[in-house]
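> Have a peek at query-v3.csv (CSV, C-alpha atoms).
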```
chain,number,residue,atom,x,y,z
R,1,ILE,CA,111.0,61.1,60.5
R,2,ARG,CA,112.5,59.6,57.4
R,3,PRO,CA,110.6,57.1,55.2
R,4,GLY,CA,110.9,53.7,56.7
R,5,ASP,CA,111.2,54.9,60.3
R,6,GLU,CA,107.4,54.9,60.9
R,7,SER,CA,107.8,52.1,63.3
R,8,ILE,CA,109.3,54.3,65.9
R,9,ILE,CA,106.3,56.7,66.0
R,10,PRO,CA,104.4,54.8,68.7
R,11,SER,CA,107.4,54.9,71.1
R,12,VAL,CA,108.1,58.7,70.8
R,13,THR,CA,107.5,60.5,74.1
R,14,ASP,CA,108.7,64.1,73.4
R,15,LEU,CA,107.9,66.0,70.3
R,16,ASP,CA,108.9,69.6,69.5
R,17,LEU,CA,107.2,71.2,66.4
R,18,SER,CA,107.8,74.8,67.3
R,19,ASN,CA,108.7,77.5,64.8
R,20,ASN,CA,107.1,75.7,61.9
R,21,LEU,CA,104.3,76.7,59.5
R,22,LEU,CA,101.6,74.5,61.0
R,23,SER,CA,98.2,76.1,60.6
R,24,SER,CA,95.5,73.4,60.8
R,25,TRP,CA,94.9,71.7,64.1
R,26,GLY,CA,92.6,69.2,62.5
R,27,SER,CA,95.3,67.7,60.2
R,28,LEU,CA,97.9,67.9,63.0
R,29,ALA,CA,95.6,66.1,65.4
R,30,THR,CA,95.1,63.3,62.9
R,31,ASN,CA,98.9,62.8,62.6
R,32,LEU,CA,99.4,63.1,66.4
R,33,ALA,CA,97.0,60.2,67.0
R,34,ALA,CA,99.7,57.8,65.9
R,35,PHE,CA,102.0,58.9,68.8
R,36,GLU,CA,100.5,56.6,71.3
R,37,ARG,CA,103.1,57.3,74.1
R,38,LEU,CA,103.5,61.0,73.5
R,39,SER,CA,103.8,62.7,76.9
R,40,SER,CA,105.3,66.2,76.0
R,41,LEU,CA,104.3,68.3,73.0
R,42,THR,CA,105.6,71.8,72.0
R,43,LEU,CA,103.8,73.8,69.3
R,44,SER,CA,105.0,77.3,70.0
R,45,LYS,CA,105.1,79.9,67.3
R,46,ASN,CA,102.7,78.1,65.0
R,47,PHE,CA,99.5,80.0,64.1
R,48,LEU,CA,97.2,77.1,64.6
R,49,LEU,CA,93.6,77.3,63.4
R,50,ILE,CA,91.3,75.1,65.5
R,51,GLU,CA,88.5,74.7,63.1
R,52,GLN,CA,86.1,72.4,65.0
R,53,ARG,CA,86.8,73.0,68.6
R,54,PRO,CA,84.3,70.4,70.1
R,55,ALA,CA,85.8,67.6,68.0
R,56,VAL,CA,89.3,67.7,69.5
R,57,ALA,CA,88.3,65.9,72.7
R,58,THR,CA,90.6,63.1,73.9
R,59,ILE,CA,92.9,62.9,70.9
R,60,LEU,CA,96.0,63.1,73.1
R,61,PRO,CA,95.1,60.8,76.0
R,62,SER,CA,98.7,60.3,77.3
R,63,LEU,CA,100.0,63.9,77.0
R,64,LYS,CA,101.3,65.4,80.3
R,65,THR,CA,103.0,68.5,79.1
R,66,LEU,CA,101.7,70.9,76.5
R,67,ILE,CA,103.5,74.1,75.4
R,68,ILE,CA,102.0,76.5,72.9
R,69,SER,CA,103.5,79.9,73.3
R,70,SER,CA,103.1,82.9,70.9
R,71,ALA,CA,100.6,81.2,68.7
R,72,SER,CA,97.8,83.8,68.8
R,73,LEU,CA,95.5,81.3,70.6
R,74,GLU,CA,92.2,82.8,71.9
R,75,SER,CA,90.2,81.8,74.9
R,76,GLU,CA,88.0,79.2,73.1
R,77,ASP,CA,91.2,77.6,71.6
R,78,ALA,CA,92.7,77.2,75.0
R,79,ASP,CA,89.5,75.5,76.2
R,80,ALA,CA,89.4,73.1,73.3
R,81,LEU,CA,93.1,72.1,73.8
R,82,MET,CA,92.5,71.5,77.5
R,83,GLN,CA,89.7,69.1,76.6
R,84,SER,CA,92.0,67.2,74.4
R,85,CYS,CA,94.4,66.3,77.2
R,86,PRO,CA,92.6,64.5,80.0
R,87,ARG,CA,95.9,63.6,81.8
R,88,LEU,CA,97.6,67.0,81.4
R,89,GLU,CA,99.9,68.1,84.3
R,90,THR,CA,101.8,71.1,82.8
R,91,CYS,CA,100.2,73.6,80.4
R,92,VAL,CA,102.2,76.6,79.1
R,93,LEU,CA,100.1,79.1,77.0
R,94,HIS,CA,102.4,82.1,77.3
R,95,GLY,CA,102.1,85.1,75.0
R,96,ASN,CA,98.7,84.4,73.4
R,97,LYS,CA,95.4,86.3,73.2
R,98,ILE,CA,93.5,84.6,76.0
R,99,SER,CA,91.2,86.9,78.0
R,100,ASP,CA,88.7,84.6,79.7
R,101,VAL,CA,89.7,81.4,81.4
R,102,THR,CA,86.3,80.4,82.6
R,103,LYS,CA,85.7,77.5,80.2
R,104,LEU,CA,89.3,76.5,80.4
R,105,ALA,CA,88.9,76.2,84.2
R,106,ASN,CA,85.7,74.2,83.9
R,107,ASN,CA,87.4,71.7,81.5
R,108,ALA,CA,90.8,71.5,83.2
R,109,PRO,CA,91.7,67.9,84.1
R,110,LYS,CA,92.2,67.1,87.8
R,111,SER,CA,95.8,66.2,87.1
R,112,LEU,CA,96.7,69.8,86.1
R,113,ARG,CA,99.5,71.1,88.4
R,114,VAL,CA,101.2,73.9,86.5
R,115,LEU,CA,99.4,76.5,84.4
R,116,ASP,CA,101.3,79.4,82.7
R,117,LEU,CA,99.0,82.1,81.3
R,118,SER,CA,101.6,84.9,81.3
R,119,ASP,CA,101.6,87.7,78.8
R,120,ASN,CA,97.9,87.2,77.8
R,121,GLU,CA,95.0,89.6,78.0
R,122,ILE,CA,93.3,88.6,81.2
R,123,ASP,CA,91.8,91.7,82.9
R,124,SER,CA,89.5,90.4,85.6
R,125,TRP,CA,90.2,88.4,88.7
R,126,GLU,CA,86.7,86.9,88.4
R,127,TYR,CA,87.9,84.9,85.4
R,128,VAL,CA,90.9,83.8,87.4
R,129,SER,CA,88.8,82.8,90.4
R,130,THR,CA,87.2,80.1,88.3
R,131,LEU,CA,90.5,78.1,88.6
R,132,LYS,CA,89.9,77.8,92.3
R,133,THR,CA,88.3,74.4,91.8
R,134,ALA,CA,91.4,73.0,90.1
R,135,THR,CA,92.2,70.9,93.1
R,136,ASN,CA,95.8,69.9,92.2
R,137,LEU,CA,96.9,73.3,90.7
R,138,GLU,CA,100.1,74.2,92.5
R,139,ASN,CA,101.8,76.8,90.2
R,140,LEU,CA,99.9,79.6,88.4
R,141,ASN,CA,101.7,82.2,86.3
R,142,LEU,CA,99.6,85.3,85.5
R,143,SER,CA,102.5,87.8,84.9
R,144,GLY,CA,102.1,90.3,82.2
R,145,ASN,CA,98.3,90.4,82.0
R,146,ARG,CA,96.0,93.3,82.7
R,147,LEU,CA,94.8,92.7,86.3
R,148,ARG,CA,94.1,95.8,88.3
R,149,SER,CA,92.6,94.3,91.4
R,150,ILE,CA,92.1,91.0,93.2
R,151,SER,CA,88.6,90.2,94.6
R,152,THR,CA,87.9,87.8,97.4
R,153,ARG,CA,84.1,87.8,97.0
R,154,MET,CA,83.9,84.3,95.5
R,155,TYR,CA,86.3,82.6,97.9
R,156,GLU,CA,84.9,79.7,99.9
R,157,GLU,CA,86.5,77.3,102.3
R,158,GLY,CA,88.2,74.5,100.4
R,159,ASP,CA,89.1,76.7,97.4
R,160,TRP,CA,92.7,76.9,96.1
R,161,GLN,CA,93.8,74.0,98.3
R,162,SER,CA,97.0,73.2,96.4
R,163,LEU,CA,98.1,76.6,95.0
R,164,SER,CA,101.6,77.3,96.5
R,165,THR,CA,103.3,79.4,93.8
R,166,LEU,CA,101.7,82.5,92.2
R,167,SER,CA,103.2,85.0,89.7
R,168,LEU,CA,101.6,88.4,89.3
R,169,SER,CA,104.5,90.6,88.1
R,170,ARG,CA,103.9,93.2,85.4
R,171,ASN,CA,100.2,93.6,86.1
R,172,PRO,CA,98.8,97.1,86.7
R,173,LEU,CA,97.7,96.3,90.3
R,174,GLU,CA,96.9,99.6,92.0
R,175,THR,CA,96.5,99.1,95.8
R,176,TRP,CA,97.7,97.1,98.8
R,177,GLU,CA,94.2,95.5,98.9
R,178,ALA,CA,95.4,93.2,96.0
R,179,VAL,CA,98.1,91.9,98.3
R,180,GLU,CA,95.9,91.5,101.3
R,181,ALA,CA,93.4,89.5,99.2
R,182,LEU,CA,96.1,86.9,98.7
R,183,ALA,CA,95.9,86.0,102.4
R,184,PHE,CA,92.9,84.0,101.4
R,185,LEU,CA,95.0,81.5,99.5
R,186,PRO,CA,95.6,79.0,102.3
R,187,ARG,CA,98.8,77.3,100.9
R,188,LEU,CA,100.5,80.2,99.1
R,189,VAL,CA,104.2,80.3,100.1
R,190,SER,CA,105.9,81.7,96.9
R,191,LEU,CA,104.9,85.0,95.2
R,192,ARG,CA,106.3,87.1,92.4
R,193,ILE,CA,104.8,90.6,92.3
R,194,SER,CA,107.4,93.0,90.9
R,195,GLY,CA,106.7,95.7,88.3
R,196,THR,CA,103.2,96.6,89.5
R,197,GLY,CA,101.8,99.9,90.7
R,198,ILE,CA,101.8,98.8,94.4
R,199,GLY,CA,104.0,100.5,97.0
R,200,SER,CA,106.5,103.2,96.5
R,201,SER,CA,109.5,103.3,94.1
R,202,THR,CA,111.8,101.4,96.5
R,203,ASN,CA,112.0,97.6,96.6
R,204,ASP,CA,112.2,97.7,100.4
R,205,ASP,CA,108.8,99.3,100.6
R,206,LEU,CA,107.3,96.6,98.5
R,207,ARG,CA,109.1,93.8,100.2
R,208,HIS,CA,108.2,95.0,103.7
R,209,GLY,CA,104.6,95.6,102.7
R,210,VAL,CA,104.1,92.2,101.2
R,211,ILE,CA,105.9,90.2,103.9
R,212,GLY,CA,104.1,92.1,106.6
R,213,ARG,CA,100.7,91.4,105.2
R,214,LEU,CA,101.2,87.7,104.2
R,215,GLU,CA,102.3,85.6,107.2
R,216,LYS,CA,102.7,82.3,105.4
R,217,LEU,CA,104.9,83.6,102.6
R,218,THR,CA,108.5,82.1,102.5
R,219,ILE,CA,109.7,83.2,99.1
R,220,LEU,CA,109.2,86.7,97.5
R,221,ASN,CA,110.3,87.6,94.0
R,222,GLY,CA,112.7,84.6,94.0
R,223,SER,CA,114.4,85.5,97.3
R,224,ASP,CA,114.0,83.5,100.5
R,225,ILE,CA,112.3,85.4,103.4
R,226,THR,CA,114.6,85.1,106.5
R,227,VAL,CA,113.5,85.4,110.1
R,228,ASP,CA,115.0,88.9,110.3
R,229,ASP,CA,113.2,89.9,107.1
R,230,ARG,CA,109.9,88.9,108.6
R,231,LEU,CA,110.5,90.6,111.9
R,232,GLU,CA,111.5,93.9,110.3
R,233,ALA,CA,108.7,93.8,107.8
R,234,GLU,CA,106.0,93.0,110.3
R,235,LYS,CA,107.1,95.6,112.8
R,236,ALA,CA,107.4,98.2,110.0
R,237,TYR,CA,103.9,97.4,108.7
R,238,LEU,CA,102.4,97.4,112.2
R,239,GLY,CA,104.1,100.7,113.0
R,240,GLU,CA,102.6,102.4,109.9
R,241,VAL,CA,99.2,101.2,110.9
R,242,LEU,CA,99.4,102.3,114.5
R,243,ARG,CA,100.8,105.7,113.6
R,244,SER,CA,97.9,106.2,111.2
R,245,GLU,CA,95.0,105.0,113.4
R,246,ASN,CA,93.8,108.6,113.7
R,247,SER,CA,93.5,108.5,109.9
R,248,PRO,CA,91.7,105.3,109.0
R,249,SER,CA,91.0,106.6,105.5
R,250,ASN,CA,94.6,106.0,104.6
R,251,PRO,CA,94.4,103.9,101.4
R,252,GLY,CA,97.6,102.0,102.0
R,253,LEU,CA,96.7,100.4,105.3
R,254,SER,CA,94.4,97.6,106.4
R,255,TYR,CA,92.5,97.1,109.7
R,256,ASP,CA,91.6,93.4,109.2
R,257,GLY,CA,92.5,90.3,111.3
R,258,ARG,CA,96.1,90.5,110.3
R,259,ILE,CA,96.6,93.7,112.2
R,260,GLY,CA,95.1,92.0,115.3
R,261,GLN,CA,97.6,89.2,115.0
R,262,LEU,CA,100.5,91.6,114.7
R,263,LYS,CA,99.3,93.7,117.7
R,264,LYS,CA,99.2,90.6,119.8
R,265,LYS,CA,102.6,89.4,118.6
R,266,TYR,CA,104.3,92.8,119.2
R,267,SER,CA,102.2,94.0,122.1
R,268,MET,CA,105.4,95.2,124.0
R,269,PHE,CA,106.1,97.8,121.3
R,270,SER,CA,104.6,101.3,121.1
R,271,ALA,CA,103.9,103.0,117.8
R,272,GLU,CA,106.8,105.3,118.4
R,273,SER,CA,109.3,102.5,119.0
R,274,LEU,CA,108.3,100.5,115.9
R,275,PRO,CA,110.4,101.2,112.8
R,276,SER,CA,109.2,102.7,109.5
R,277,THR,CA,110.4,102.0,106.0
R,278,GLU,CA,112.0,105.4,105.8
R,279,ALA,CA,113.9,104.9,109.1
R,280,LYS,CA,115.1,101.5,107.8
R,281,THR,CA,116.4,103.0,104.6
R,282,VAL,CA,118.4,105.7,106.5
R,283,SER,CA,119.8,103.1,108.9
R,284,LYS,CA,121.0,101.0,106.0
R,285,ILE,CA,123.0,104.0,104.7
R,286,ALA,CA,124.3,104.7,108.1
R,287,ASP,CA,125.5,101.2,108.5
R,288,GLN,CA,127.7,101.6,105.5
R,289,LEU,CA,129.7,104.4,107.2
R,290,ILE,CA,132.5,104.6,109.7
R,291,GLN,CA,133.1,107.6,111.8
R,292,VAL,CA,136.7,108.8,112.0
R,293,ARG,CA,137.4,111.2,114.8
R,294,ARG,CA,140.9,112.5,113.8
R,295,ILE,CA,142.8,112.2,110.6
R,296,ARG,CA,146.1,114.0,110.8
R,297,SER,CA,147.9,114.7,107.6
R,298,TYR,CA,151.6,115.2,107.6
R,299,SER,CA,151.7,117.3,104.4
R,300,ALA,CA,152.9,120.9,104.8
R,301,ILE,CA,149.5,122.3,103.8
R,302,ALA,CA,147.3,120.0,105.9
R,303,ALA,CA,149.5,120.4,108.9
R,304,ARG,CA,148.4,124.0,109.2
R,305,SER,CA,144.7,123.1,109.1
R,306,THR,CA,142.6,121.7,112.0
R,307,PRO,CA,142.0,118.0,111.9
R,308,ALA,CA,138.4,117.3,110.8
R,309,CYS,CA,135.7,114.9,112.0
R,310,ARG,CA,134.4,113.1,108.9
R,311,HIS,CA,132.2,110.1,107.9
R,312,LEU,CA,133.9,107.8,105.4
R,313,SER,CA,132.6,104.8,103.5
R,314,HIS,CA,134.5,101.5,103.9
R,315,HIS,CA,136.4,102.1,100.7
R,316,ALA,CA,137.4,105.7,101.6
R,317,TRP,CA,138.5,104.5,105.0
R,318,ILE,CA,140.8,101.9,103.6
R,319,PHE,CA,142.2,104.3,101.1
R,320,SER,CA,142.9,106.9,103.8
R,321,MET,CA,144.6,104.3,106.0
R,322,VAL,CA,146.8,103.1,103.1
R,323,SER,CA,147.6,106.7,102.2
R,324,MET,CA,148.7,107.4,105.8
R,325,VAL,CA,150.8,104.3,106.0
R,326,PHE,CA,152.4,105.0,102.6
R,327,GLU,CA,153.1,108.6,103.6
R,328,HIS,CA,154.6,107.5,106.9
R,329,GLU,CA,156.8,105.0,105.1
R,330,TYR,CA,157.7,107.6,102.4
R,331,ARG,CA,158.7,110.2,105.1
R,332,GLY,CA,160.8,107.6,106.9
R,333,CYS,CA,162.6,106.5,103.8
R,334,ALA,CA,163.1,110.1,102.7
R,335,SER,CA,164.5,111.1,106.1
R,336,GLN,CA,166.8,108.1,106.1
R,337,THR,CA,168.1,108.9,102.5
R,338,PHE,CA,168.7,112.5,103.5
R,339,MET,CA,170.8,111.5,106.5
R,340,GLN,CA,172.8,109.1,104.4
R,341,LYS,CA,173.5,111.8,101.9
R,342,ARG,CA,174.7,114.2,104.7
R,343,THR,CA,176.9,111.4,106.1
R,344,ARG,CA,178.5,110.7,102.7
R,345,ALA,CA,178.7,114.3,101.7
R,346,PRO,CA,182.5,114.8,102.5
R,347,ASN,CA,183.4,111.9,100.2
R,348,ILE,CA,181.8,113.5,97.2
R,349,ASP,CA,184.7,115.9,96.8
R,350,HIS,CA,187.1,113.0,96.4
```
Starting from the coordinates I provided, produce the structure as structure tokens.

Amino acid sequence: IRPGDESIIPSVTDLDLSNNLLSSWGSLATNLAAFERLSSLTLSKNFLLIEQRPAVATILPSLKTLIISSASLESEDADALMQSCPRLETCVLHGNKISDVTKLANNAPKSLRVLDLSDNEIDSWEYVSTLKTATNLENLNLSGNRLRSISTRMYEEGDWQSLSTLSLSRNPLETWEAVEALAFLPRLVSLRISGTGIGSSTNDDLRHGVIGRLEKLTILNGSDITVDDRLEAEKAYLGEVLRSENSPSNPGLSYDGRIGQLKKKYSMFSAESLPSTEAKTVSKIADQLIQVRRIRSYSAIAARSTPACRHLSHHAWIFSMVSMVFEHEYRGCASQTFMQKRTRAPNIDH
């Protein structure tokens, strides 16, 4: 703002101060108090030092969006900032050093709908579970943290009533129990959970396993879940469970109420008739092939060999058909040219 333009400060609604050398929250807060209508503030990549954390309360009463990424904020800093924004709706604290969100959750305003804590240092779901009382929280991003498991011990009826979108990608989650625990989130419909230690190395295994376990999910890793996706995933999951009932110690399977629902839904199927992930993978490959019973080559060498029965991909099939048509046309043209030459041969001597 140039000298003489101070009169516009009270009407500013969006302010981006990222990639500067701001270091003192105290002096910054004093200046921000003049922005009476400020609704969006970005302070990313500033190494802010919040000297007196309790003193920052209610300095930004109109702020709705706060973005402070890659600023080395710690847990206490995040809590103090949350207290300063009583009407905050979107808070992005990506790439900081936050490990405990207990105080942040306790001081989060009721208006908070979106919270991005990706790429921080959160290593316990017990800290995350304190956010369950954020009654209007709809979107929670925890990607790139250090979560290894998800506990349901502290869930009660009425918790997480608004959470519909959750991101858990790039966390070292270890077992399917982490996915099964998400069934306790009553409104969860969109989930990102790629780049973890759950499932095998194939995306189909992870997709079938997650969809089969979470009946309310409609979007997984950014892709819509179709009716066919759900039928295939649920039958594959139930089939694995039924085939392993003699080995209940199998760590990848669950015997909770979800299995009872699937048994009732697919009661007409036996364990042997239900598909498995491996069978589905093979069938997908088989669907890409076309069986050709006879391919007869007209070349002199191939004419002496027995026609073979081969499986060709779509591209190979098209190439073969084009080659056969080309060879047929070439042979026809060659024969016609030869006959024309023989017909005109006597005129050559003249």
> If I take atom CA of R:Lys132 and atom CA of R:Gly158, how far is one from the other in Å, to one decimal?
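Interatomic distance here is 8.9 Å.
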> Would you work out the distance separating atom CA of R:Asn145 from atom CA of R:Ser169, expressed in Å to one decimal?
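Answer for the atom CA of R:Asn145 to atom CA of R:Ser169 separation: 8.7 Å.
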> Please tell me which residues are no farther than 12 Å from (91.4, 85.9, 79.8) in the file, counting all atoms listed in the file, and write them as a count of residues only.
40
> Just checking: using only C-alpha atoms, which residue out of R:Ile211, R:Met82, R:Leu48, R:Leu206 ends up closest to R:Leu22?
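Looking only at the distances to R:Leu22, the closest residue turns out to be R:Leu48.
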> So what do you get for atom CA of R:Ile193 versus atom CA of R:Leu168, distance-wise?
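For atom CA of R:Ile193 relative to atom CA of R:Leu168, the distance reads 4.9 Å.
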> Using only C-alpha atoms, list the residues that have an atom at most 12 Å from (112.5, 85.2, 91.9), coordinates as in the file, as number ranges by chain.
R: 165-169, 190-194, 218-225
